[in-house]
>>> print(open('upload.cif').read())   # mmCIF, C-alpha atoms
data_input
#
loop_
_atom_site.label_atom_id
_atom_site.label_comp_id
_atom_site.auth_asym_id
_atom_site.auth_seq_id
_atom_site.Cartn_x
_atom_site.Cartn_y
_atom_site.Cartn_z
CA MET A 1 0.00 0.00 0.00
CA THR A 2 1.34 3.40 -0.98
CA THR A 3 1.91 5.89 1.85
CA THR A 4 0.73 9.38 0.99
CA LEU A 5 2.51 12.62 1.85
CA SER A 6 -0.07 13.46 4.53
CA ASP A 7 0.32 9.98 6.07
CA ALA A 8 4.09 10.46 6.29
CA LEU A 9 3.64 13.78 8.11
CA ARG A 10 0.93 12.37 10.42
CA LEU A 11 2.52 9.19 11.73
CA PRO A 12 6.33 9.41 11.64
CA ARG A 13 8.47 7.83 14.29
CA TYR A 14 9.36 9.83 17.39
CA ARG A 15 12.80 9.00 18.81
CA ARG A 16 13.23 9.37 22.54
CA LEU A 17 16.54 10.61 23.95
CA GLU A 18 17.94 7.09 24.22
CA GLU A 19 16.88 6.36 20.60
CA ILE A 20 18.48 9.40 18.96
CA ASP A 21 20.81 8.53 16.10
CA LEU A 22 23.77 10.34 14.55
CA LEU A 23 21.57 12.20 12.05
CA ASP A 24 19.48 13.66 14.89
CA LEU A 25 22.57 14.58 16.87
CA GLU A 26 24.22 16.36 13.93
CA SER A 27 20.96 18.18 13.12
CA VAL A 28 20.29 19.31 16.68
CA ARG A 29 23.89 20.47 17.11
CA LEU A 30 23.44 22.57 13.97
CA VAL A 31 20.31 24.16 15.45
CA LEU A 32 21.83 24.80 18.88
CA ARG A 33 25.10 26.19 17.53
CA GLY A 34 23.63 28.21 14.66
CA GLY A 35 26.01 26.69 12.11
CA SER A 36 25.77 26.22 8.35
CA VAL A 37 25.26 22.92 6.56
CA ILE A 38 27.62 24.18 3.83
CA ASP A 39 30.46 23.53 6.29
CA TRP A 40 29.50 19.88 6.80
CA GLN A 41 31.80 17.19 5.48
CA ARG A 42 29.28 14.35 5.33
CA LEU A 43 25.68 13.37 6.00
CA ALA A 44 24.38 10.58 8.24
CA PHE A 45 21.39 9.02 6.49
CA GLU A 46 21.17 5.30 7.18
CA SER A 47 18.14 4.22 5.15
CA GLN A 48 15.96 5.08 2.19
CA ASN A 49 13.12 5.84 4.61
CA GLU A 50 15.20 8.56 6.32
CA VAL A 51 15.98 10.05 2.92
CA ARG A 52 12.31 9.96 2.00
CA GLU A 53 11.35 11.78 5.22
CA PHE A 54 13.96 14.44 4.49
CA LEU A 55 12.71 15.02 0.93
CA ILE A 56 9.10 15.27 2.11
CA ALA A 57 10.14 17.90 4.67
CA GLN A 58 11.74 19.75 1.74
CA GLU A 59 8.33 19.63 -0.03
CA LEU A 60 9.94 17.39 -2.67
CA ASP A 61 7.73 14.31 -2.60
CA PRO A 62 9.76 11.41 -4.04
CA GLU A 63 6.52 9.74 -5.22
CA ASP A 64 5.35 12.76 -7.19
CA GLN A 65 6.52 13.04 -10.81
CA ALA A 66 6.60 16.84 -10.80
CA SER A 67 8.74 16.87 -7.65
CA GLN A 68 11.08 14.26 -9.12
CA ALA A 69 11.48 16.30 -12.31
CA ARG A 70 12.14 19.44 -10.29
CA SER A 71 14.78 17.67 -8.15
CA GLU A 72 16.49 16.33 -11.26
CA ALA A 73 16.55 19.78 -12.89
CA ILE A 74 18.15 21.38 -9.81
CA LYS A 75 20.72 18.57 -9.60
CA ASN A 76 21.69 18.99 -13.25
CA GLN A 77 22.19 22.72 -12.68
CA ALA A 78 24.43 21.96 -9.70
CA VAL A 79 26.57 19.50 -11.67
CA ALA A 80 26.86 21.95 -14.58
CA TYR A 81 27.90 24.75 -12.19
CA LEU A 82 30.68 22.65 -10.66
CA LYS A 83 32.03 21.60 -14.05
CA ARG A 84 31.75 25.08 -15.52
CA ASN A 85 33.44 26.97 -12.70
CA PHE A 86 35.82 24.48 -11.07
CA ASP A 87 36.37 21.75 -13.62
CA PHE A 88 35.21 19.49 -10.81
CA PRO A 89 35.76 15.79 -11.66
CA ILE A 90 32.47 13.99 -11.00
CA PRO A 91 32.22 10.24 -11.67
CA LYS A 92 29.45 9.46 -14.15
CA PRO A 93 27.49 7.25 -11.69
CA VAL A 94 27.42 10.15 -9.21
CA ALA A 95 26.40 12.72 -11.83
CA GLN A 96 23.56 10.45 -12.96
CA ALA A 97 22.35 9.60 -9.46
CA SER A 98 19.02 10.93 -8.22
CA VAL A 99 18.90 13.39 -5.32
CA ALA A 100 17.75 10.57 -3.03
CA GLU A 101 20.72 8.46 -4.11
CA LEU A 102 23.09 11.40 -3.60
CA LEU A 103 21.90 11.76 -0.01
CA LEU A 104 22.85 8.16 0.70
CA LEU A 105 26.15 8.49 -1.15
CA ALA A 106 26.98 11.60 0.88
CA SER A 107 26.51 9.52 4.03
CA GLY A 108 29.18 7.02 3.01
CA ARG A 109 32.95 7.23 2.53
CA GLY A 110 35.45 7.82 -0.25
CA HIS A 111 35.66 9.99 -3.35
CA ARG A 112 32.05 9.44 -4.40
CA GLN A 113 30.92 10.58 -0.96
CA LEU A 114 32.90 13.81 -1.37
CA CYS A 115 31.42 14.40 -4.83
CA ALA A 116 27.86 13.73 -3.68
CA CYS A 117 28.25 16.04 -0.69
CA THR A 118 29.62 18.82 -2.91
CA ILE A 119 26.75 18.50 -5.39
CA LEU A 120 24.18 18.58 -2.57
CA LYS A 121 25.64 21.81 -1.17
CA VAL A 122 25.16 23.49 -4.54
CA ILE A 123 21.66 22.00 -4.85
CA HIS A 124 20.85 23.51 -1.46
CA VAL A 125 21.79 27.00 -2.68
CA ILE A 126 20.14 26.73 -6.11
CA HIS A 127 16.87 25.40 -4.69
CA HIS A 128 16.72 28.24 -2.20
CA LEU A 129 17.58 30.98 -4.71
CA GLU A 130 15.13 29.77 -7.33
CA ALA A 131 12.37 29.52 -4.74
CA ARG A 132 13.02 33.17 -3.90
CA GLU A 133 12.91 34.03 -7.59
CA LEU A 134 9.60 32.20 -7.95
CA LEU A 135 8.09 34.18 -5.09
CA SER A 136 9.11 37.44 -6.77
CA LEU A 137 7.36 36.44 -10.01
CA LEU A 138 3.99 35.61 -8.47
CA ALA A 139 1.25 37.85 -7.20
CA VAL A 140 1.31 36.35 -3.72
CA SER A 141 1.38 38.28 -0.46
CA ASP A 142 3.38 37.58 2.69
CA GLN A 143 0.12 36.82 4.45
CA GLU A 144 -0.78 34.06 1.99
CA VAL A 145 2.63 32.43 2.43
CA PHE A 146 2.43 32.84 6.21
CA GLU A 147 -0.89 31.02 6.21
CA LEU A 148 0.68 28.07 4.39
CA VAL A 149 3.49 27.98 6.95
CA GLU A 150 1.02 28.11 9.83
CA GLN A 151 -0.94 25.22 8.33
CA LYS A 152 2.22 23.15 8.07
CA VAL A 153 3.32 23.93 11.62
CA TYR A 154 -0.08 23.17 13.13
CA ARG A 155 -0.36 20.01 11.06
CA VAL A 156 2.97 18.61 12.27
CA ILE A 157 3.01 19.84 15.88
CA GLY A 158 -0.73 19.35 16.27
CA GLY A 159 -0.16 15.77 15.22
CA MET A 160 2.52 15.45 17.93
CA LEU A 161 0.06 16.71 20.53
CA ALA A 162 -2.62 14.32 19.32
CA ARG A 163 -0.20 11.41 19.76
CA GLY A 164 0.67 12.43 23.31
CA LEU A 165 4.28 13.34 22.53
CA PRO A 166 6.05 15.49 25.17
CA ILE A 167 4.82 18.93 24.09
CA ILE A 168 2.65 20.83 26.56
CA GLU A 169 1.82 23.86 24.45
CA LEU A 170 2.33 25.48 21.06
CA VAL A 171 1.72 29.21 20.71
CA GLY A 172 2.00 30.79 17.28
CA GLY A 173 1.26 34.10 15.67
CA ARG A 174 2.35 37.06 13.61
CA LYS A 175 4.20 40.02 15.01
CA HIS A 176 2.07 43.11 15.58
CA LYS A 177 3.06 46.16 13.54
CA ASP A 178 3.83 48.22 16.65
CA SER A 179 6.19 45.45 17.80
CA LEU A 180 7.88 45.51 14.39
CA TYR A 181 8.33 49.27 14.60
CA SER A 182 9.80 49.06 18.11
CA LYS A 183 12.14 46.24 17.16
CA LEU A 184 13.51 48.11 14.15
CA LEU A 185 13.90 51.31 16.15
CA SER A 186 15.87 49.43 18.80
CA LYS A 187 18.21 47.66 16.35
CA ARG A 188 21.31 48.98 14.63
CA GLU A 189 20.02 47.45 11.36
CA THR A 190 16.90 49.55 10.85
CA HIS A 191 15.47 47.82 7.79
CA ALA A 192 12.82 45.12 7.55
CA ALA A 193 15.10 42.51 5.98
CA GLN A 194 16.69 42.02 9.42
CA ILE A 195 13.37 41.07 11.06
CA TYR A 196 13.09 37.29 11.19
CA ASP A 197 10.19 36.89 13.61
CA LYS A 198 7.27 38.33 11.67
CA LEU A 199 5.98 34.80 12.05
CA ARG A 200 6.95 32.90 15.16
CA PHE A 201 6.11 29.89 17.27
CA ARG A 202 6.87 28.92 20.86
CA ILE A 203 6.92 25.27 21.91
CA VAL A 204 6.84 24.20 25.56
CA THR A 205 8.03 20.67 26.37
CA ARG A 206 7.40 18.67 29.52
CA THR A 207 11.04 18.50 30.61
CA ALA A 208 14.40 19.89 29.52
CA ASP A 209 15.43 16.42 28.33
CA ASP A 210 12.51 16.45 25.90
CA ILE A 211 13.94 19.44 24.00
CA PHE A 212 16.62 17.39 22.27
CA PRO A 213 14.33 14.67 20.80
CA VAL A 214 11.62 17.21 19.96
CA LEU A 215 14.15 19.24 17.96
CA GLY A 216 15.31 16.06 16.24
CA TYR A 217 11.74 15.24 15.26
CA LEU A 218 11.08 18.75 13.95
CA THR A 219 14.22 18.77 11.78
CA ARG A 220 13.00 15.57 10.16
CA HIS A 221 9.38 16.53 9.59
CA LEU A 222 8.85 20.32 9.77
CA PHE A 223 11.91 22.39 8.90
CA PRO A 224 14.82 20.55 7.21
CA PHE A 225 18.05 20.99 9.17
CA ASN A 226 19.77 22.50 6.13
CA TYR A 227 17.45 25.51 6.18
CA VAL A 228 18.09 26.61 9.76
CA VAL A 229 19.40 30.18 9.31
CA PRO A 230 23.11 30.35 10.34
CA GLY A 231 24.04 32.80 13.06
CA GLU A 232 20.47 33.33 14.32
CA THR A 233 20.50 30.85 17.21
CA THR A 234 20.32 31.61 20.91
CA ASN A 235 20.81 28.72 23.32
CA THR A 236 20.68 29.64 26.99
CA MET A 237 19.04 26.37 28.03
CA PHE A 238 22.09 24.13 28.37
CA PRO A 239 25.76 24.06 27.35
CA LEU A 240 25.82 21.50 24.54
CA LYS A 241 29.16 19.80 25.27
CA ARG A 242 28.44 19.45 28.97
CA TYR A 243 24.94 18.17 28.27
CA LEU A 244 26.17 15.52 25.83
CA ARG A 245 28.83 14.34 28.27
CA SER A 246 26.20 14.00 31.00
CA LYS A 247 24.06 11.62 28.93
CA SER A 248 25.54 8.15 28.73
CA VAL A 249 23.08 7.16 26.00
CA LEU A 250 24.56 9.84 23.72
CA ALA A 251 28.25 9.22 24.50
CA PRO A 252 28.85 6.67 21.67
CA LEU A 253 27.42 9.11 19.11
CA VAL A 254 29.47 12.08 20.32
CA GLU A 255 32.64 10.34 19.16
CA GLN A 256 31.16 10.06 15.65
CA LEU A 257 30.29 13.75 15.24
CA GLN A 258 32.11 15.35 12.35
CA PRO A 259 34.71 17.96 13.37
CA MET A 260 33.70 21.53 12.66
CA ALA A 261 36.36 24.13 11.87
CA ASP A 262 34.19 26.94 13.22
CA GLU A 263 33.26 25.14 16.44
CA GLN A 264 32.90 28.18 18.68
CA GLY A 265 30.82 26.98 21.58
CA ASP A 266 27.22 27.60 22.42
CA ALA A 267 25.27 30.42 20.84
CA GLY A 268 24.71 32.88 23.68
CA ASN A 269 22.04 35.54 23.89
CA ASP A 270 23.14 38.77 22.20
CA ASN A 271 19.76 40.43 22.70
CA VAL A 272 20.63 43.33 25.00
CA PHE A 273 17.06 43.55 26.29
CA SER A 274 16.89 39.96 27.56
CA ALA A 275 17.56 39.32 31.24
CA PRO A 276 20.59 37.14 32.13
CA SER A 277 18.19 34.67 33.78
CA TYR A 278 16.10 34.17 30.63
CA ARG A 279 16.27 30.56 29.37
CA VAL A 280 15.33 29.53 25.85
CA VAL A 281 16.44 27.83 22.66
CA HIS A 282 15.70 30.31 19.91
CA PHE A 283 16.43 29.94 16.20
CA VAL A 284 15.19 30.97 12.77
CA ALA A 285 14.33 28.52 9.99
CA ASP A 286 13.40 28.93 6.34
CA LEU A 287 10.32 26.74 6.01
CA PRO A 288 9.58 25.32 2.54
CA VAL A 289 5.91 25.28 1.52
CA THR A 290 4.17 24.31 -1.71
CA LEU A 291 2.05 26.98 -3.37
CA PRO A 292 -1.44 25.92 -4.51
CA PRO A 293 -2.09 25.68 -8.30
CA GLU A 294 -4.48 28.65 -8.36
CA LEU A 295 -1.61 31.03 -7.62
CA PHE A 296 -0.01 30.07 -10.95
CA GLU A 297 -3.02 30.89 -13.15
CA ASN A 298 -1.67 34.31 -14.13
CA ALA A 299 2.01 33.56 -13.59
CA PRO A 300 4.58 34.65 -16.21
CA PRO A 301 6.12 31.90 -18.38
CA ALA A 302 9.41 32.06 -16.44
CA ALA A 303 7.68 30.70 -13.34
CA ALA A 304 6.97 27.32 -14.94
CA ALA A 305 10.62 26.21 -14.68
CA LEU A 306 10.94 27.11 -10.99
CA GLY A 307 8.65 24.50 -9.43
CA SER A 308 6.04 25.33 -6.81
CA VAL A 309 8.09 25.51 -3.57
CA VAL A 310 8.83 28.79 -1.79
CA PHE A 311 10.35 29.62 1.60
CA ALA A 312 9.22 31.74 4.52
CA GLN A 313 11.34 32.56 7.54
CA ALA A 314 9.89 31.87 10.97
CA GLU A 315 11.26 32.18 14.46
CA PHE A 316 11.02 29.23 16.83
CA GLN A 317 11.42 29.25 20.58
CA ILE A 318 11.53 26.02 22.54
CA VAL A 319 11.62 25.78 26.30
CA ASP A 320 10.65 23.26 28.98
CA ARG A 321 7.78 23.79 31.42
CA ASP A 322 9.89 24.67 34.47
CA SER A 323 11.99 27.21 32.55
CA GLU A 324 8.83 28.69 31.03
CA GLN A 325 7.44 29.22 34.52
CA ARG A 326 10.59 31.01 35.65
CA ASN A 327 10.67 33.09 32.48
CA ALA A 328 7.19 34.36 33.31
CA LEU A 329 8.34 36.22 36.42
CA GLY A 330 10.67 39.07 37.28
CA ASP A 331 13.26 40.54 34.92
CA ALA A 332 13.03 37.54 32.59
CA SER A 333 9.33 38.15 31.89
CA HIS A 334 8.09 39.39 28.54
CA ASP A 335 6.59 42.52 30.11
CA ALA A 336 9.96 43.45 31.64
CA TYR A 337 11.67 42.77 28.29
CA LYS A 338 9.23 45.02 26.42
CA GLN A 339 9.63 47.77 29.01
CA ARG A 340 13.42 47.76 28.59
CA GLN A 341 13.02 47.85 24.82
CA LYS A 342 10.46 50.67 25.01
CA LEU A 343 12.74 52.81 27.20
CA ALA A 344 15.63 52.24 24.79
CA VAL A 345 13.52 53.25 21.78
CA ALA A 346 12.33 56.42 23.53
CA ARG A 347 15.92 57.30 24.47
CA ARG A 348 17.17 56.68 20.94
CA LEU A 349 14.42 58.74 19.34
CA LYS A 350 15.27 61.66 21.63
CA LEU A 351 19.05 61.42 21.87
CA GLY A 352 20.23 59.10 19.12
CA ASN A 353 22.76 56.36 19.67
CA VAL A 354 25.10 58.05 22.16
CA ILE A 355 27.59 56.88 24.77
CA THR A 356 26.63 57.77 28.32
CA PRO A 357 29.18 59.00 30.92
CA SER A 358 29.35 55.44 32.25
CA GLY A 359 30.57 54.29 28.85
CA ARG A 360 27.40 52.34 28.01
CA ASN A 361 25.49 52.55 24.76
CA SER A 362 22.33 54.59 25.42
CA VAL A 363 20.16 52.28 23.32
CA ALA A 364 20.67 49.27 25.56
CA PRO A 365 19.73 49.69 29.24
CA PRO A 366 21.00 46.72 31.24
CA ALA A 367 18.73 44.10 32.71
CA LYS A 368 19.00 43.52 36.43
CA SER A 369 21.25 40.87 37.87
CA PRO A 370 19.75 37.39 37.79
CA SER A 371 20.32 37.17 41.53
CA LYS A 372 17.43 39.60 42.00
CA THR A 373 15.06 37.68 39.78
CA PRO A 374 12.12 36.16 41.69
CA THR A 375 12.30 32.39 41.72
CA LEU A 376 9.51 29.90 41.44
CA LYS A 377 9.42 26.58 43.25
CA LYS A 378 9.80 23.71 40.84
CA ALA A 379 6.56 21.85 40.22
CA ALA A 380 6.45 18.18 41.13
CA PRO A 381 6.75 15.83 38.13
CA SER A 382 3.21 14.58 38.72
CA THR A 383 1.70 18.06 38.74
CA PRO A 384 -0.45 18.61 35.61
CA ALA A 385 0.48 21.48 33.34
CA GLY A 386 -1.35 24.67 34.32
CA LYS A 387 -1.82 23.65 37.99
CA VAL A 388 1.34 24.90 39.65
CA GLY A 389 -0.25 27.54 41.84
CA GLU A 390 -2.50 30.53 41.36
CA ALA A 391 0.40 33.02 41.46
CA PHE A 392 2.12 31.39 38.50
CA LYS A 393 -1.08 30.93 36.54
CA LYS A 394 -1.88 34.62 36.88
CA ALA A 395 1.65 35.65 35.89
CA ALA A 396 1.70 33.27 32.95
CA ARG A 397 -1.74 34.36 31.78
CA ASN A 398 -0.78 38.02 31.89
CA LYS A 399 2.47 37.30 30.07
CA LEU A 400 0.90 35.27 27.27
CA ASP A 401 -2.31 37.22 26.79
CA SER A 402 -0.58 40.60 26.81
CA LYS A 403 1.82 39.67 24.02
CA ALA A 404 0.80 41.93 21.19
CA ALA A 405 3.28 39.97 19.10
CA TYR A 406 0.92 37.02 18.99
CA GLU A 407 -1.76 38.87 17.04
CA LYS A 408 -4.04 36.38 15.32
CA GLY A 409 -2.08 33.68 17.11
CA GLY A 410 -3.11 30.09 17.67
CA ARG A 411 -2.49 28.00 20.77
CA LEU A 412 -2.60 24.25 21.20
CA ARG A 413 -2.20 22.54 24.57
CA ASP A 414 -1.76 18.93 25.59
CA ARG A 415 -5.20 18.71 27.18
CA GLU A 416 -6.70 19.70 23.83
CA ALA A 417 -4.93 16.90 21.99
CA PRO A 418 -7.94 14.52 21.84
CA LYS A 419 -9.88 17.23 20.00
CA VAL A 420 -7.18 18.05 17.47
CA SER A 421 -8.37 15.73 14.71
CA GLU A 422 -11.89 17.18 14.83
CA SER A 423 -11.69 20.87 15.80
CA LEU A 424 -8.54 21.54 13.74
CA ARG A 425 -9.09 19.12 10.88
CA GLY A 426 -9.09 21.92 8.31
CA ARG A 427 -5.89 23.50 9.71
CA LEU A 428 -3.93 20.33 10.27
CA ASN A 429 -4.80 18.65 6.98
CA PRO A 430 -5.45 21.41 4.42
CA LYS A 431 -5.87 20.54 0.80
CA ARG A 432 -2.57 20.88 -0.95
#
>>> encode(input="upload.cif", output="structure tokens")
Amino acid sequence: MTTTLSDALRLPRYRRLEEIDLLDLESVRLVLRGGSVIDWQRLAFESQNEVREFLIAQELDPEDQASQARSEAIKNQAVAYLKRNFDFPIPKPVAQASVAELLLLASGRGHRQLCACTILKVIHVIHHLEARELLSLLAVSDQEVFELVEQKVYRVIGGMLARGLPIIELVGGRKHKDSLYSKLLSKRETHAAQIYDKLRFRIVTRTADDIFPVLGYLTRHLFPFNYVVPGETTNTMFPLKRYLRSKSVLAPLVEQLQPMADEQGDAGNDNVFSAPSYRVVHFVADLPVTLPPELFENAPPAAAALGSVVFAQAEFQIVDRDSEQRNALGDASHDAYKQRQKLAVARRLKLGNVITPSGRNSVAPPAKSPSKTPTLKKAAPSTPAGKVGEAFKKAARNKLDSKAAYEKGGRLRDREAPKVSESLRGRLNPKR
């Protein structure tokens, strides 16, 4: 029986921490460090099924003839580029291999592995650039593309909730215009191209140890690891090397990780308005989505050769329940963050970007020391989500509901999981 694309997205395997393989570990390290897949030396696919999952996440269905033709066209461009510009010697069997076959070759050893990996890096760039070109040729708004991204996110993560996987809550939405204005006014780069969180999602897991496998799952089925935006990661949840050493189940895989020349430690928080006590894994991904056929009715002829996949950048935040509770209070809270940003914008509008007598930049008032941040008693493992005391519930409610950034946002919680297939059927399984 043939498995459809929607079936593959609905019922994929979830790997617990002790089941994580090398592909997951490499992918999650890329997310947590904010690196680039162009710097990788090899891949770690072990089976045709893993390759198939990866291609489906890329919106390149290996069972669809149009997707296969598109993949082949991009691959041929990549091979031609390498021969034209570098006289790159590519064995004929590698040049004639499909993209799926190249992914497996790039996970092996030897000269053919090197050639396959090189071709795939160029494919990665060409696919992305031509998707951007396609978007510029069509009469499609940001809002239409955002809606497709939201449908994909709710379909995948809503499916995780429905299966009882360790996600407590998903909150998603689009950034309010006033928040966009304030963010640009508070940044050195005051143009919209530097705003990555017009569309953003926050995922709350049950425990900190669930973050790793949840990220592994999402890189397989929601945003391909190769389209995590380099340099846009913040990881204040856990030091990666120390965390990996502390988990005996991961120790054998750590020795197999490929060496990275730009290994520069964990991606700290360079947001001057965040409190030192704020804990989160934050990153930006370019999500591929397939445009519906009706958007091509009046498209120019040049669009026909560019496929139907485009990309939209979205910000993701992932945090465990206990850290989310602590983030809701004191200097780490969203209200305190917005107040610091608002004061900085007001100061910059009045005075410009000046140096104060203390030597500090006037645009960035410091957050208070984490030692003065109110703490919250850790909830017992058996305590249901949302029942950790009236004080926290009130603080959390004020924090979430007052976020203007989540305008038109959607929220899914674990207790709503049994209703997902009915109440969100249209959002989780839209017609493609």
>>> atom_distance(input="upload.cif", atom1="CA of Val145 in chain A", atom2="CA of Asp24 in chain A")
28.1 Å
>>> closest_residue(input="upload.cif", among="A:Val309, A:Val94, A:Leu215, A:Leu32", to="Arg112 in chain A", atoms="only C-alpha atoms")
A:Val94
>>> resolve_selection(input="upload.cif", expression="the PyMOL selection byres ((chain A and resi 75) around 10)", output="PyMOL selection string")
chain A and resi 69-74+76-81+95-99+102+119-120+122-124+126-127
>>> resolve_selection(input="upload.cif", expression="the PyMOL selection byres ((chain A and resi 257) around 12)", output="PyMOL selection string")
chain A and resi 21-30+40-44+241+244+250-256+258-260+263
>>> atom_distance(input="upload.cif", atom1="CA of Lys92 in chain A", atom2="CA of Phe225 in chain A")
28.4 Å
>>> resolve_selection(input="upload.cif", expression="the PyMOL selection byres ((chain A and resi 139) around 10)", output="mmCIF file with C-alpha atoms, in the coordinates of the input")
data_model
loop_
_atom_site.group_PDB
_atom_site.id
_atom_site.type_symbol
_atom_site.label_atom_id
_atom_site.label_comp_id
_atom_site.auth_asym_id
_atom_site.auth_seq_id
_atom_site.Cartn_x
_atom_site.Cartn_y
_atom_site.Cartn_z
ATOM 1 C CA LEU A 135 8.090 34.180 -5.090
ATOM 2 C CA SER A 136 9.110 37.440 -6.770
ATOM 3 C CA LEU A 137 7.360 36.440 -10.010
ATOM 4 C CA LEU A 138 3.990 35.610 -8.470
ATOM 5 C CA VAL A 140 1.310 36.350 -3.720
ATOM 6 C CA SER A 141 1.380 38.280 -0.460
ATOM 7 C CA LEU A 295 -1.610 31.030 -7.620
ATOM 8 C CA PHE A 296 -0.010 30.070 -10.950
ATOM 9 C CA ASN A 298 -1.670 34.310 -14.130
ATOM 10 C CA ALA A 299 2.010 33.560 -13.590
#
>>> closest_residue(input="upload.cif", among="A:Leu161, A:Ile38, A:Leu349, A:Ala57", to="Lys121 in chain A", atoms="all atoms listed in the file")
A:Ile38
>>> closest_residue(input="upload.cif", among="A:Ser323, A:Gln317, A:Ser308, A:Ser36", to="Ser67 in chain A", atoms="all atoms listed in the file")
A:Ser308
>>> closest_residue(input="upload.cif", among="A:Phe201, A:Phe316, A:Tyr227, A:Phe45", to="Leu105 in chain A", atoms="all atoms listed in the file")
A:Phe45
>>> atom_distance(input="upload.cif", atom1="CA of Arg15 in chain A", atom2="CA of Glu59 in chain A")
22.1 Å
>>> closest_residue(input="upload.cif", among="A:Leu134, A:Phe54, A:Lys198, A:Ile203", to="Leu170 in chain A", atoms="only C-alpha atoms")
A:Ile203
